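Visitor: Can you keep this structure in mind? I'll have questions shortly.
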There are 2 protein chains.
Amino acid sequence: MSETYIAGAGMVRFGKYPVDVTFEKLAVGAAREAMSDAGVSTNDIESVYVGHVFGGPVAGQRVAAQMGLGGLPVSNHENYCASGATAIREAWIAIKAGLYDIVLVIGAEKMTDRVSGGVMPDPTDLDAINGLVMAANHGMSARRYMSDHGATREQIASVAVKNHAHSVHNPFAQYQRPISLQEVVDARTIADPLGLLDCSPISDGAAAVVLCIAAGLAKLGRSSAPRIAGCALVSGKIVTADTNLNDEDVSRRAGEQAWNITGYGPEDIDLVEMHDCFTIAEIVRLEGLGVVPVGEGGRWAENGNTSIGGKLPVNASGGLLSRGHPVGATGVAQICELTWQLTDRAGQRQVDKANIGLAYCKGGTVSGTDGGSVTVLLVTR
Amino acid sequence: MSETYIAGAGMVRFGKYPVDVTFEKLAVGAAREAMSDAGVSTNDIESVYVGHVFGGPVAGQRVAAQMGLGGLPVSNHENYCASGATAIREAWIAIKAGLYDIVLVIGAEKMTDRVSGGVMPDPTDLDAINGLVMAANHGMSARRYMSDHGATREQIASVAVKNHAHSVHNPFAQYQRPISLQEVVDARTIADPLGLLDCSPISDGAAAVVLCIAAGLAKLGRSSAPRIAGCALVSGKIVTADTNLNDEDVSRRAGEQAWNITGYGPEDIDLVEMHDCFTIAEIVRLEGLGVVPVGEGGRWAENGNTSIGGKLPVNASGGLLSRGHPVGATGVAQICELTWQLTDRAGQRQVDKANIGLAYCKGGTVSGTDGGSVTVLLVTR
């Protein structure tokens, strides 16, 4: 089986773009950056994998056609907020299967054009339709976490403070200014105890990576590049009334699959890009994965353990909370960040001894009617 | 690399279903039929691949959760009308990569619930927005074909007559009554020269297959099953003003990729499931693939060469025109038909000496702004 290397990574800055900056423009912009970083031309690319949710039918083909990649195999992958990561995983599988030497993976989303902007519940999710939407779920999760573990509101808010502090140094982040704990706690309530700054924003943006086999690297005149050690994908199980909302069975199983594939374990991870769609989500997912002890996540955020320079830096990029969250782009942006970190190109947000990075995405609701979708990708130096 | 076998196939009848027969119900129904045909239980399935266009985010996860497959890796694949075939291709790649022994692939669509029902042009396709929609494109294609090759309106209409005659014997077909040449020619015009019966209908439906490696077959106590010899995927290139609308470069390239992967050639094919979204499309795509001589497709339909019992039976199932066209389900339904044909289970529509079957799908517009997406899958006895 061929190993998969990341030859190049590129992004367009996440944010809110006017209507003439289309889905296609964002995607093409990121793809050109990744190809330039890898030193590949359109003739080198053999296949295109595109992760998106709202781009519409054959969105990837429109992007490929616009950048002179028409003719290639192009496929579109959707697993809600894990769509970009799923596209990378499918490309990793195709490379393992020996189909391609060099492929392009793009994650992109234009959310501000949509009527609702945000992530809507699926129409069969009666809980969500009646008000138990994402924010409400995570509000309940936060209350339960505080009750179970004696965590404070301030500890949960610390996640937002930390991630905003990190992305001050990320030129691709939607937000690039520090925020104070007081600002997070005082922000208007969205779903008690969570306020506006505990929630990831509506974002537009795109990210791309060029993946290749060892022979592809050699062809590009490169002796090394970060390697995708393994990609895990699991879905959730139906949640019943007696399930603890913070049980995180789905995260635990995704982690186990990743450890099984790669031979690494939670203790080997040097840095994490975590799907912090809400502050509390970063905490409970880190614990579910087993990289932070259960009940300690709030304290770890507060005492700097998950800051750059801490025991386990989490979301050096700023995460979804501050880099932004164009849903289909997020999973690819996480891999861009790990690529830059593992090649010592992360500038002032560089993590020391960044040798093994983990990226986690979750798509779908946490209330359990669809079960959701979790990806865990491991990248090594 | 592991070979991929089709252990079981199942469908729900294509047609127009009331609102309470949801996307999920259709998909679960087809999946259960395929699993029953394969003799597998939910415990045997290791991953779920779902092709759909309009099911909404994490639609596959909803389906998996409802049938007790929550927890597994589930991924959603969209390549417009080639979505089902793309899902099969991705599963085939994962099996080649050694990830799974037994997987479930589902193609499903509920189209009648949608406001428009049909397949809309993408918003960046200015030609389509101004009226050059699918039907108009194929109307122009028909006129050009008649002019270039001296084909008659009746020859083109013969495709609809043939495919409706075939699906009289297909219990899963949306239409199961024969139609006359006169009915096709006299039907109200949709895009001159094409009438209503030259166009595939709006349909709801689902189809599923269980794919496995040789060891998986053995585990099921089976000594043989049809094998997926190879799956090709290409996208279109930008069409320019001097391109002949019937050039079918994309079909030719998809065919070449399939011949390269499998070692078979056009002369080896015993039967074809062809993406006949319009009568003329069956003709020009068969010619593009090289399985029918250029300019002969109309005559072949008229003289019975592409009928069951003819030189190269095409759409023994009834095709999109008469089996129906729930877009995400179509590519999987084609493989169900080939499975039944290659195991001598097609009843009164059985094709003699059905040893090597070809399934072709095309997603996206033919006018060229997205380039579209073509799949060619080869299945052998």
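Chain lettering (A, B, ...) mirrors the order of the structure tokens, residue numbering begins at 1 for each chain separately, and ligand numbering begins at 1 in order of display.
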Using only C-alpha atoms, determine which residues lie at most 9 Å from Glu302 (chain B), disregarding the query and same-chain residues fewer than 5 positions distant; provide the list as a PyMOL selection string.
Guide: chain B and resi 154-159+162+297
Visitor: Those residues with N, CA and C atoms, as a PDB file, in the first residue's frame please?
Guide:
ATOM      1  N   GLU B 154     -38.149   8.855 -36.337  1.00  0.00           N
ATOM      2  CA  GLU B 154     -38.656   7.556 -35.890  1.00  0.00           C
ATOM      3  C   GLU B 154     -37.542   6.689 -35.297  1.00  0.00           C
ATOM      4  N   GLN B 155     -36.352   6.790 -35.879  1.00  0.00           N
ATOM      5  CA  GLN B 155     -35.241   6.003 -35.325  1.00  0.00           C
ATOM      6  C   GLN B 155     -34.945   6.430 -33.885  1.00  0.00           C
ATOM      7  N   ILE B 156     -34.931   7.752 -33.652  1.00  0.00           N
ATOM      8  CA  ILE B 156     -34.675   8.248 -32.297  1.00  0.00           C
ATOM      9  C   ILE B 156     -35.798   7.814 -31.358  1.00  0.00           C
ATOM     10  N   ALA B 157     -37.032   7.921 -31.841  1.00  0.00           N
ATOM     11  CA  ALA B 157     -38.181   7.516 -31.019  1.00  0.00           C
ATOM     12  C   ALA B 157     -38.141   6.019 -30.694  1.00  0.00           C
ATOM     13  N   SER B 158     -37.496   5.244 -31.558  1.00  0.00           N
ATOM     14  CA  SER B 158     -37.429   3.790 -31.346  1.00  0.00           C
ATOM     15  C   SER B 158     -36.746   3.430 -30.028  1.00  0.00           C
ATOM     16  N   VAL B 159     -35.873   4.304 -29.563  1.00  0.00           N
ATOM     17  CA  VAL B 159     -35.197   4.042 -28.282  1.00  0.00           C
ATOM     18  C   VAL B 159     -36.230   3.967 -27.154  1.00  0.00           C
ATOM     19  N   LYS B 162     -38.355   0.756 -27.524  1.00  0.00           N
ATOM     20  CA  LYS B 162     -37.568  -0.400 -27.073  1.00  0.00           C
ATOM     21  C   LYS B 162     -37.476  -0.462 -25.546  1.00  0.00           C
ATOM     22  N   GLY B 297     -26.412   4.467 -34.477  1.00  0.00           N
ATOM     23  CA  GLY B 297     -27.219   4.250 -33.271  1.00  0.00           C
ATOM     24  C   GLY B 297     -28.717   4.300 -33.524  1.00  0.00           C
TER      25      GLY B 297
END
Visitor: Taking only C-alpha atoms into account, what are the residues of chain A at most 8 Å from chain B, put as a VMD selection string?
Guide: chain A and resid 1 53 56 to 59 61 to 63 65 70 to 80 86 90 93 to 94 96 to 98 122 233 to 238 250 363 to 364 369 to 373
Visitor: Calculate how many Å separate CA of Asp192 (chain B) from CA of Ser180 (chain B), rounding to one decimal.
Guide: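 Going from CA of Asp192 (chain B) over to CA of Ser180 (chain B), I get 19.1 Å.
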Visitor: Please report, as JSON lines, each residue of region 213-294 of chain A lying at most 10 Å from region 348-354 of chain A, together with the nearest pair of atoms and the separation in Å rounded to one decimal; use only C-alpha atoms, and order rows by chain and ascending residue number.
Guide:
{"residue": "A:Ile269", "atom": "CA", "partner": "A:Ala354", "partner_atom": "CA", "distance": 8.7}
{"residue": "A:Asp270", "atom": "CA", "partner": "A:Ala354", "partner_atom": "CA", "distance": 5.6}
{"residue": "A:Leu271", "atom": "CA", "partner": "A:Ala354", "partner_atom": "CA", "distance": 6.6}
{"residue": "A:Val272", "atom": "CA", "partner": "A:Ala354", "partner_atom": "CA", "distance": 10.0}
Visitor: Which residue is closest to Ala281 (chain B)? Choose from B:Gly195, B:Gly131, B:Gly331, B:Gly139 and count only C-alpha atoms.
Guide: B:Gly139
